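Participant: Okay, so here is my_file_29.tsv, and as you'll see once you scroll down, it has TSV, N, CA and C atoms and all ligand atoms.
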```tsv
chain	number	residue	atom	x	y	z
A	7	MET	N	1.04	-14.55	-20.52
A	7	MET	CA	1.03	-15.16	-19.19
A	7	MET	C	0.15	-14.33	-18.24
A	8	GLU	N	-0.62	-15.02	-17.45
A	8	GLU	CA	-1.49	-14.33	-16.50
A	8	GLU	C	-0.65	-13.75	-15.35
A	9	PRO	N	-0.76	-12.45	-15.08
A	9	PRO	CA	0.07	-11.89	-14.00
A	9	PRO	C	-0.30	-12.46	-12.63
A	10	LEU	N	0.73	-12.59	-11.79
A	10	LEU	CA	0.50	-13.05	-10.42
A	10	LEU	C	-0.17	-11.94	-9.61
A	11	LEU	N	0.37	-10.75	-9.81
A	11	LEU	CA	-0.16	-9.58	-9.11
A	11	LEU	C	-0.40	-8.46	-10.12
A	12	GLU	N	-1.55	-7.86	-10.04
A	12	GLU	CA	-1.87	-6.74	-10.93
A	12	GLU	C	-2.51	-5.63	-10.12
A	13	VAL	N	-2.02	-4.44	-10.35
A	13	VAL	CA	-2.54	-3.26	-9.65
A	13	VAL	C	-2.99	-2.26	-10.71
A	14	ARG	N	-4.20	-1.79	-10.58
A	14	ARG	CA	-4.73	-0.85	-11.58
A	14	ARG	C	-5.22	0.43	-10.94
A	15	GLY	N	-4.62	1.54	-11.33
A	15	GLY	CA	-5.08	2.86	-10.90
A	15	GLY	C	-5.21	3.04	-9.40
A	16	LEU	N	-4.21	2.48	-8.67
A	16	LEU	CA	-4.32	2.48	-7.21
A	16	LEU	C	-4.01	3.86	-6.62
A	17	LYS	N	-4.89	4.29	-5.71
A	17	LYS	CA	-4.70	5.59	-5.06
A	17	LYS	C	-4.92	5.45	-3.56
A	18	LYS	N	-4.13	6.19	-2.80
A	18	LYS	CA	-4.39	6.34	-1.37
A	18	LYS	C	-4.15	7.79	-1.00
A	19	HIS	N	-5.22	8.48	-0.67
A	19	HIS	CA	-5.13	9.87	-0.25
A	19	HIS	C	-5.50	9.93	1.22
A	20	PHE	N	-4.57	10.43	2.03
A	20	PHE	CA	-4.83	10.55	3.48
A	20	PHE	C	-5.38	11.94	3.78
A	21	PRO	N	-6.51	12.02	4.45
A	21	PRO	CA	-7.00	13.34	4.87
A	21	PRO	C	-6.12	13.88	6.00
A	22	VAL	N	-5.71	15.12	5.89
A	22	VAL	CA	-4.90	15.74	6.96
A	22	VAL	C	-5.44	17.14	7.24
A	23	ARG	N	-5.15	17.63	8.42
A	23	ARG	CA	-5.56	18.98	8.79
A	23	ARG	C	-4.31	19.85	8.94
A	24	THR	N	-4.37	21.03	8.40
A	24	THR	CA	-3.22	21.94	8.49
A	24	THR	C	-3.70	23.31	8.98
A	25	GLY	N	-2.76	24.24	9.05
A	25	GLY	CA	-3.11	25.59	9.49
A	25	GLY	C	-2.90	25.76	10.98
A	26	MET	N	-2.94	27.01	11.42
A	26	MET	CA	-2.64	27.33	12.81
A	26	MET	C	-3.58	26.61	13.77
A	27	PHE	N	-4.84	26.47	13.38
A	27	PHE	CA	-5.82	25.83	14.27
A	27	PHE	C	-6.26	24.46	13.74
A	28	GLN	N	-5.42	23.93	12.86
A	28	GLN	CA	-5.71	22.59	12.29
A	28	GLN	C	-7.10	22.55	11.65
A	29	SER	N	-7.54	23.70	11.16
A	29	SER	CA	-8.91	23.77	10.65
A	29	SER	C	-8.99	23.54	9.13
A	30	GLU	N	-7.84	23.63	8.48
A	30	GLU	CA	-7.84	23.48	7.02
A	30	GLU	C	-7.70	22.01	6.65
A	31	LYS	N	-8.66	21.52	5.86
A	31	LYS	CA	-8.63	20.11	5.47
A	31	LYS	C	-7.95	19.95	4.12
A	32	LYS	N	-6.95	19.09	4.09
A	32	LYS	CA	-6.27	18.80	2.83
A	32	LYS	C	-6.10	17.29	2.73
A	33	SER	N	-5.52	16.84	1.63
A	33	SER	CA	-5.22	15.41	1.57
A	33	SER	C	-3.82	15.21	1.01
A	34	VAL	N	-3.14	14.21	1.59
A	34	VAL	CA	-1.81	13.84	1.11
A	34	VAL	C	-1.99	12.70	0.12
A	35	LYS	N	-1.55	12.93	-1.10
A	35	LYS	CA	-1.68	11.90	-2.14
A	35	LYS	C	-0.47	10.98	-2.04
A	36	ALA	N	-0.54	10.04	-1.09
A	36	ALA	CA	0.60	9.16	-0.82
A	36	ALA	C	0.84	8.21	-2.00
A	37	VAL	N	-0.21	7.68	-2.57
A	37	VAL	CA	-0.13	6.83	-3.77
A	37	VAL	C	-1.17	7.39	-4.72
A	38	ASP	N	-0.73	7.71	-5.93
A	38	ASP	CA	-1.65	8.39	-6.84
A	38	ASP	C	-1.59	7.77	-8.23
A	39	ASP	N	-2.49	6.86	-8.48
A	39	ASP	CA	-2.65	6.25	-9.80
A	39	ASP	C	-1.48	5.33	-10.18
A	40	VAL	N	-1.28	4.31	-9.36
A	40	VAL	CA	-0.21	3.33	-9.64
A	40	VAL	C	-0.81	2.13	-10.37
A	41	THR	N	-0.19	1.80	-11.48
A	41	THR	CA	-0.59	0.61	-12.25
A	41	THR	C	0.67	-0.22	-12.47
A	42	LEU	N	0.59	-1.51	-12.15
A	42	LEU	CA	1.74	-2.39	-12.37
A	42	LEU	C	1.26	-3.82	-12.49
A	43	HIS	N	2.08	-4.66	-13.09
A	43	HIS	CA	1.79	-6.09	-13.01
A	43	HIS	C	3.08	-6.87	-12.88
A	44	LEU	N	2.94	-7.98	-12.18
A	44	LEU	CA	4.09	-8.80	-11.82
A	44	LEU	C	3.77	-10.24	-12.21
A	45	ASN	N	4.61	-10.79	-13.07
A	45	ASN	CA	4.40	-12.19	-13.47
A	45	ASN	C	5.08	-13.13	-12.49
A	46	ARG	N	4.67	-14.39	-12.49
A	46	ARG	CA	5.29	-15.40	-11.64
A	46	ARG	C	6.79	-15.45	-11.91
A	47	GLY	N	7.61	-15.47	-10.87
A	47	GLY	CA	9.06	-15.55	-11.01
A	47	GLY	C	9.74	-14.21	-11.20
A	48	GLU	N	8.97	-13.15	-11.34
A	48	GLU	CA	9.56	-11.82	-11.51
A	48	GLU	C	9.72	-11.14	-10.15
A	49	THR	N	10.66	-10.21	-10.10
A	49	THR	CA	10.86	-9.40	-8.89
A	49	THR	C	10.68	-7.94	-9.27
A	50	LEU	N	9.96	-7.23	-8.45
A	50	LEU	CA	9.74	-5.80	-8.72
A	50	LEU	C	10.32	-4.99	-7.56
A	51	GLY	N	11.19	-4.06	-7.87
A	51	GLY	CA	11.72	-3.15	-6.85
A	51	GLY	C	11.05	-1.80	-6.99
A	52	VAL	N	10.60	-1.24	-5.89
A	52	VAL	CA	10.00	0.10	-5.91
A	52	VAL	C	10.98	1.05	-5.23
A	53	VAL	N	11.46	2.00	-5.99
A	53	VAL	CA	12.50	2.92	-5.51
A	53	VAL	C	11.98	4.35	-5.55
A	54	GLY	N	12.27	5.12	-4.54
A	54	GLY	CA	11.85	6.51	-4.56
A	54	GLY	C	12.32	7.21	-3.31
A	55	GLU	N	12.25	8.52	-3.35
A	55	GLU	CA	12.71	9.30	-2.20
A	55	GLU	C	11.78	9.07	-1.00
A	56	SER	N	12.27	9.44	0.16
A	56	SER	CA	11.48	9.29	1.37
A	56	SER	C	10.16	10.06	1.24
A	57	GLY	N	9.07	9.39	1.55
A	57	GLY	CA	7.76	10.03	1.47
A	57	GLY	C	7.09	9.89	0.11
A	58	SER	N	7.71	9.12	-0.78
A	58	SER	CA	7.14	9.01	-2.13
A	58	SER	C	6.04	7.95	-2.21
A	59	GLY	N	5.82	7.22	-1.13
A	59	GLY	CA	4.66	6.32	-1.09
A	59	GLY	C	4.96	4.83	-1.20
A	60	LYS	N	6.23	4.45	-1.06
A	60	LYS	CA	6.60	3.03	-1.21
A	60	LYS	C	5.92	2.16	-0.15
A	61	SER	N	6.02	2.57	1.10
A	61	SER	CA	5.43	1.76	2.18
A	61	SER	C	3.91	1.74	2.06
A	62	THR	N	3.32	2.86	1.70
A	62	THR	CA	1.87	2.91	1.55
A	62	THR	C	1.42	1.96	0.44
A	63	LEU	N	2.17	1.92	-0.65
A	63	LEU	CA	1.86	0.99	-1.73
A	63	LEU	C	1.91	-0.46	-1.22
A	64	GLY	N	2.96	-0.78	-0.46
A	64	GLY	CA	3.09	-2.12	0.11
A	64	GLY	C	1.93	-2.44	1.04
A	65	ARG	N	1.57	-1.49	1.87
A	65	ARG	CA	0.46	-1.73	2.82
A	65	ARG	C	-0.87	-1.93	2.09
A	66	LEU	N	-1.05	-1.21	1.00
A	66	LEU	CA	-2.28	-1.39	0.21
A	66	LEU	C	-2.33	-2.79	-0.37
A	67	ILE	N	-1.20	-3.25	-0.92
A	67	ILE	CA	-1.16	-4.58	-1.54
A	67	ILE	C	-1.37	-5.66	-0.48
A	68	LEU	N	-0.85	-5.43	0.71
A	68	LEU	CA	-1.03	-6.39	1.82
A	68	LEU	C	-2.40	-6.27	2.48
A	69	LYS	N	-3.17	-5.30	2.01
A	69	LYS	CA	-4.51	-5.05	2.57
A	69	LYS	C	-4.47	-4.55	4.00
A	70	LEU	N	-3.38	-3.92	4.36
A	70	LEU	CA	-3.32	-3.30	5.69
A	70	LEU	C	-3.97	-1.92	5.66
A	71	LEU	N	-4.18	-1.42	4.44
A	71	LEU	CA	-4.87	-0.14	4.24
A	71	LEU	C	-5.92	-0.33	3.15
A	72	ALA	N	-7.00	0.42	3.26
A	72	ALA	CA	-8.02	0.41	2.20
A	72	ALA	C	-7.68	1.48	1.17
A	73	PRO	N	-7.74	1.16	-0.11
A	73	PRO	CA	-7.42	2.18	-1.12
A	73	PRO	C	-8.51	3.23	-1.26
A	74	THR	N	-8.10	4.42	-1.69
A	74	THR	CA	-9.07	5.47	-2.03
A	74	THR	C	-9.73	5.12	-3.35
A	75	ALA	N	-8.94	4.55	-4.25
A	75	ALA	CA	-9.46	4.13	-5.56
A	75	ALA	C	-8.51	3.08	-6.12
A	76	GLY	N	-9.00	2.35	-7.10
A	76	GLY	CA	-8.15	1.38	-7.78
A	76	GLY	C	-8.48	-0.05	-7.38
A	77	LYS	N	-7.84	-0.96	-8.09
A	77	LYS	CA	-8.12	-2.38	-7.87
A	77	LYS	C	-6.81	-3.16	-7.77
A	78	ILE	N	-6.85	-4.21	-6.95
A	78	ILE	CA	-5.69	-5.10	-6.81
A	78	ILE	C	-6.17	-6.52	-7.13
A	79	PHE	N	-5.48	-7.16	-8.07
A	79	PHE	CA	-5.82	-8.53	-8.45
A	79	PHE	C	-4.66	-9.44	-8.08
A	80	LEU	N	-4.97	-10.53	-7.41
A	80	LEU	CA	-3.96	-11.53	-7.09
A	80	LEU	C	-4.36	-12.79	-7.84
A	81	LYS	N	-3.49	-13.26	-8.70
A	81	LYS	CA	-3.79	-14.41	-9.56
A	81	LYS	C	-5.15	-14.21	-10.24
A	82	ALA	N	-5.32	-13.04	-10.82
A	82	ALA	CA	-6.51	-12.67	-11.60
A	82	ALA	C	-7.79	-12.57	-10.76
A	83	ARG	N	-7.66	-12.78	-9.45
A	83	ARG	CA	-8.85	-12.61	-8.59
A	83	ARG	C	-8.78	-11.26	-7.91
A	84	ILE	N	-9.85	-10.53	-8.00
A	84	ILE	CA	-9.85	-9.20	-7.39
A	84	ILE	C	-9.88	-9.34	-5.87
A	85	LEU	N	-9.00	-8.58	-5.19
A	85	LEU	CA	-8.98	-8.63	-3.74
A	85	LEU	C	-10.07	-7.71	-3.20
A	86	PRO	N	-10.89	-8.20	-2.29
A	86	PRO	CA	-11.91	-7.34	-1.72
A	86	PRO	C	-11.26	-6.21	-0.93
A	87	THR	N	-11.92	-5.08	-0.87
A	87	THR	CA	-11.34	-3.93	-0.16
A	87	THR	C	-11.61	-4.00	1.34
A	88	CYS	N	-12.49	-4.91	1.75
A	88	CYS	CA	-12.84	-5.00	3.16
A	88	CYS	C	-11.63	-5.45	3.98
A	89	LEU	N	-11.18	-4.60	4.89
A	89	LEU	CA	-9.99	-4.92	5.68
A	89	LEU	C	-10.28	-6.00	6.73
A	90	ALA	N	-11.54	-6.20	7.04
A	90	ALA	CA	-11.88	-7.18	8.06
A	90	ALA	C	-11.88	-8.61	7.50
A	91	ASP	N	-11.74	-8.72	6.19
A	91	ASP	CA	-11.81	-10.03	5.56
A	91	ASP	C	-10.50	-10.78	5.76
A	92	ARG	N	-10.41	-11.55	6.83
A	92	ARG	CA	-9.15	-12.21	7.18
A	92	ARG	C	-8.89	-13.47	6.38
A	93	CYS	N	-9.91	-13.98	5.70
A	93	CYS	CA	-9.71	-15.20	4.94
A	93	CYS	C	-9.27	-14.89	3.51
A	94	CYS	N	-8.90	-13.67	3.27
A	94	CYS	CA	-8.45	-13.26	1.94
A	94	CYS	C	-7.23	-14.08	1.50
A	95	GLU	N	-7.16	-14.36	0.23
A	95	GLU	CA	-6.05	-15.15	-0.31
A	95	GLU	C	-4.70	-14.45	-0.08
A	96	CYS	N	-4.74	-13.13	-0.03
A	96	CYS	CA	-3.52	-12.36	0.17
A	96	CYS	C	-2.82	-12.74	1.47
A	97	ALA	N	-3.60	-13.07	2.48
A	97	ALA	CA	-3.04	-13.36	3.80
A	97	ALA	C	-2.08	-14.54	3.75
A	98	GLY	N	-2.31	-15.50	2.88
A	98	GLY	CA	-1.43	-16.66	2.80
A	98	GLY	C	-0.35	-16.52	1.76
A	99	THR	N	-0.41	-15.49	0.94
A	99	THR	CA	0.50	-15.36	-0.19
A	99	THR	C	1.50	-14.23	-0.04
A	100	CYS	N	1.09	-13.16	0.61
A	100	CYS	CA	1.93	-11.96	0.68
A	100	CYS	C	2.57	-11.84	2.06
A	101	ARG	N	3.80	-11.41	2.10
A	101	ARG	CA	4.54	-11.19	3.35
A	101	ARG	C	5.24	-9.85	3.26
A	102	SER	N	5.46	-9.22	4.39
A	102	SER	CA	6.24	-7.99	4.38
A	102	SER	C	7.49	-8.16	5.24
A	103	PHE	N	8.56	-7.46	4.85
A	103	PHE	CA	9.79	-7.44	5.62
A	103	PHE	C	10.12	-5.98	5.87
A	104	PHE	N	10.16	-5.61	7.14
A	104	PHE	CA	10.36	-4.20	7.47
A	104	PHE	C	11.84	-3.85	7.52
A	105	LYS	N	12.17	-2.70	6.92
A	105	LYS	CA	13.59	-2.30	6.88
A	105	LYS	C	14.08	-1.89	8.26
A	106	THR	N	13.17	-1.42	9.10
A	106	THR	CA	13.55	-1.03	10.46
A	106	THR	C	12.65	-1.76	11.44
A	107	PRO	N	12.90	-3.07	11.64
A	107	PRO	CA	12.02	-3.84	12.52
A	107	PRO	C	12.11	-3.35	13.96
A	108	THR	N	10.98	-3.36	14.63
A	108	THR	CA	10.98	-2.98	16.05
A	108	THR	C	11.36	-4.20	16.87
A	109	ARG	N	11.69	-3.96	18.13
A	109	ARG	CA	12.05	-5.07	19.02
A	109	ARG	C	10.90	-6.08	19.09
A	110	ARG	N	9.68	-5.54	19.15
A	110	ARG	CA	8.51	-6.42	19.28
A	110	ARG	C	8.39	-7.33	18.04
A	111	SER	N	8.60	-6.76	16.82
A	111	SER	CA	8.40	-7.57	15.62
A	111	SER	C	9.52	-8.61	15.47
A	112	ILE	N	10.73	-8.34	16.02
A	112	ILE	CA	11.80	-9.33	15.97
A	112	ILE	C	11.45	-10.52	16.86
A	113	ARG	N	10.92	-10.22	18.05
A	113	ARG	CA	10.56	-11.30	18.98
A	113	ARG	C	9.30	-12.04	18.56
A	114	GLY	N	8.55	-11.42	17.63
A	114	GLY	CA	7.30	-12.04	17.17
A	114	GLY	C	6.20	-11.58	18.04
O	1	LIG	N1	-1.53	7.50	8.05
O	1	LIG	C1	-1.10	8.57	7.36
O	1	LIG	N2	-1.73	9.76	7.46
O	1	LIG	C2	-1.32	10.84	6.77
O	1	LIG	N3	-0.27	10.82	5.91
O	1	LIG	C3	0.39	9.66	5.76
O	1	LIG	C4	0.03	8.47	6.48
O	1	LIG	N4	0.88	7.47	6.11
O	1	LIG	C5	1.72	8.01	5.23
O	1	LIG	N5	1.45	9.31	5.02
O	1	LIG	C6	2.14	10.22	4.12
O	1	LIG	O1	2.13	9.62	2.84
O	1	LIG	C7	3.34	9.90	2.15
O	1	LIG	C8	4.01	8.59	1.75
O	1	LIG	O2	4.50	7.94	2.92
O	1	LIG	P1	5.24	6.54	2.85
O	1	LIG	O3	5.53	6.15	4.25
O	1	LIG	O4	4.42	5.59	2.03
O	1	LIG	O5	6.57	6.89	2.06
O	1	LIG	P2	7.89	6.00	1.82
O	1	LIG	O6	8.20	6.13	0.35
O	1	LIG	O7	7.67	4.64	2.33
O	1	LIG	O8	8.97	6.77	2.69
O	1	LIG	P3	10.31	6.18	3.39
O	1	LIG	O9	11.32	5.93	2.30
O	1	LIG	O10	10.73	7.29	4.32
O	1	LIG	O11	9.93	4.91	4.13
O	1	LIG	C9	4.19	10.76	3.10
O	1	LIG	O12	3.96	12.12	2.77
O	1	LIG	C10	3.60	10.44	4.46
O	1	LIG	O13	3.77	11.51	5.37
O	2	MG	MG	8.69	3.43	3.80
```
Please, can you express the file's structure as structure tokens?
Facilitator:
Amino acid sequence: MEPLLEVRGLKKHFPVRTGMFQSEKKSVKAVDDVTLHLNRGETLGVVGESGSGKSTLGRLILKLLAPTAGKIFLKARILPTCLADRCCECAGTCRSFFKTPTRRSIRG
């Protein structure tokens, strides 16, 4: 069966500055080499400790973030990495539900 969603080698590394004068450049490997596939009718739960990258993975799949590396396929079509591409198929297919919605997001 052709997977509905497929993720291959997905990475998101955030550049951060540390040290007394914020002069040291490092990167936080929020998502590091995630591969998964989800068939139609299946449910996938992502579980992990706080800071393990669950939300970042979700944001990458929703195209709210650009990946450092890796590919995301929706119904076997590769999703472009361009965040400005609003006509992407993902926009009509994927939804997010926030565990801690803000007042603004509740009101719409
Ligand atoms: N914009 C950012 N810049 C730098 N680091 C970030 C950014 N967003 C997330 N991170 C870091 O990436 C890592 C993963 O964060 P993420 O929010 O994805 O974790 P999580 O599993 O969703 O955590 P929680 O269960 O608390 O919601 C954390 O170390 C976080 O501090
Ligand atoms: Mg989270």
Participant: Could you list, as a tab-separated table (two decimals) with N, CA and C atoms, in the coordinates of the input, every residue within 7 Å of A:Pro73, counting all atoms listed in the file and ignoring same-chain residues fewer than 4 positions away?
Facilitator:
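The resulting file, out-v5.tsv, is reproduced below:
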```tsv
chain	number	residue	atom	x	y	z
A	16	LEU	N	-4.21	2.48	-8.67
A	16	LEU	CA	-4.32	2.48	-7.21
A	16	LEU	C	-4.01	3.86	-6.62
A	17	LYS	N	-4.89	4.29	-5.71
A	17	LYS	CA	-4.70	5.59	-5.06
A	17	LYS	C	-4.92	5.45	-3.56
A	18	LYS	N	-4.13	6.19	-2.80
A	18	LYS	CA	-4.39	6.34	-1.37
A	18	LYS	C	-4.15	7.79	-1.00
A	19	HIS	N	-5.22	8.48	-0.67
A	19	HIS	CA	-5.13	9.87	-0.25
A	19	HIS	C	-5.50	9.93	1.22
A	66	LEU	N	-1.05	-1.21	1.00
A	66	LEU	CA	-2.28	-1.39	0.21
A	66	LEU	C	-2.33	-2.79	-0.37
A	87	THR	N	-11.92	-5.08	-0.87
A	87	THR	CA	-11.34	-3.93	-0.16
A	87	THR	C	-11.61	-4.00	1.34
```
Participant: List all protein, DNA and RNA residues that have an atom no more than 6 Å from any atom of ligand LIG 1 (chain O), counting all atoms listed in the file, and report them as a list in words.
Facilitator: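 So, counting all atoms listed in the file, the residues near ligand LIG 1 (chain O) are Phe20, Pro21, Val34, Lys35, Ala36, Gly54, Glu55, Ser56, Gly57, Ser58, Gly59, Lys60, Ser61, Thr62 and Leu63 of chain A.
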Participant: Using all atoms listed in the file, pick whichever of A:Thr49, A:Glu12, A:Gly25, A:Met7 has the shortest atom-to-atom distance to A:Ile78.
Facilitator: A:Glu12
Participant: Give me the residues within 7 Å of A:Arg23 as a ChimeraX atom specification, counting all atoms listed in the file and dropping any in the same chain fewer than 5 places off.
Facilitator: /A:28-33
Participant: Output N, CA and C atoms for every residue in the selection just made, as a short mmCIF file (atom, residue, chain, number, x, y, z; two decimals), in the frame of the given file.
Facilitator:
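So result-v4.cif came out as:
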```
data_model
loop_
_atom_site.label_atom_id
_atom_site.label_comp_id
_atom_site.auth_asym_id
_atom_site.auth_seq_id
_atom_site.Cartn_x
_atom_site.Cartn_y
_atom_site.Cartn_z
N GLN A 28 -5.42 23.93 12.86
CA GLN A 28 -5.71 22.59 12.29
C GLN A 28 -7.10 22.55 11.65
N SER A 29 -7.54 23.70 11.16
CA SER A 29 -8.91 23.77 10.65
C SER A 29 -8.99 23.54 9.13
N GLU A 30 -7.84 23.63 8.48
CA GLU A 30 -7.84 23.48 7.02
C GLU A 30 -7.70 22.01 6.65
N LYS A 31 -8.66 21.52 5.86
CA LYS A 31 -8.63 20.11 5.47
C LYS A 31 -7.95 19.95 4.12
N LYS A 32 -6.95 19.09 4.09
CA LYS A 32 -6.27 18.80 2.83
C LYS A 32 -6.10 17.29 2.73
N SER A 33 -5.52 16.84 1.63
CA SER A 33 -5.22 15.41 1.57
C SER A 33 -3.82 15.21 1.01
#
```
Participant: What gap, in Å, lies between atom CA of A:Asp39 and atom CA of A:Ala72?
Facilitator: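 So the two atoms, atom CA of A:Asp39 and atom CA of A:Ala72, lie 14.4 Å apart.
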Participant: Calculate how many Å separate atom CA of A:Leu10 from atom N of A:His43, rounding to one decimal.
Facilitator: 8.9 Å
Participant: Would you list the contacts of A:Glu8 as a list in words, taking every protein, DNA or RNA residue within 6.5 Å and counting all atoms listed in the file, but skipping same-chain residues closer than 6 positions in sequence?
Facilitator: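 Result of the neighbour search: Leu44, Asn45 and Arg46 of chain A.
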Participant: Rounded to one decimal place, report the atom CA of A:Val53-atom CA of A:Asp38 distance in Å.
Facilitator: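 Computing the Euclidean distance for atom CA of A:Val53 and atom CA of A:Asp38 yields 15.2 Å.
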Participant: Using only C-alpha atoms and all ligand atoms, can you tell me which of A:Arg101, A:Ala75, A:Val52, A:Lys69 comes closest to ligand MG 2 (chain O)?
Facilitator: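 Selected residue with least distance to ligand MG 2 (chain O): A:Val52.
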Participant: Taking into account only C-alpha atoms and all ligand atoms, which residue in the set A:Ala82, A:Thr99, A:Arg65, A:Leu50 is nearest to ligand MG 2 (chain O)?
Facilitator: A:Arg65
Participant: For ligand MG 2 (chain O), which residue among A:Lys105, A:Leu70, A:Leu11, A:Leu42 is the nearest when counting all atoms listed in the file?
Facilitator: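 With all atoms listed in the file as the atom set, the closest residue is A:Lys105.
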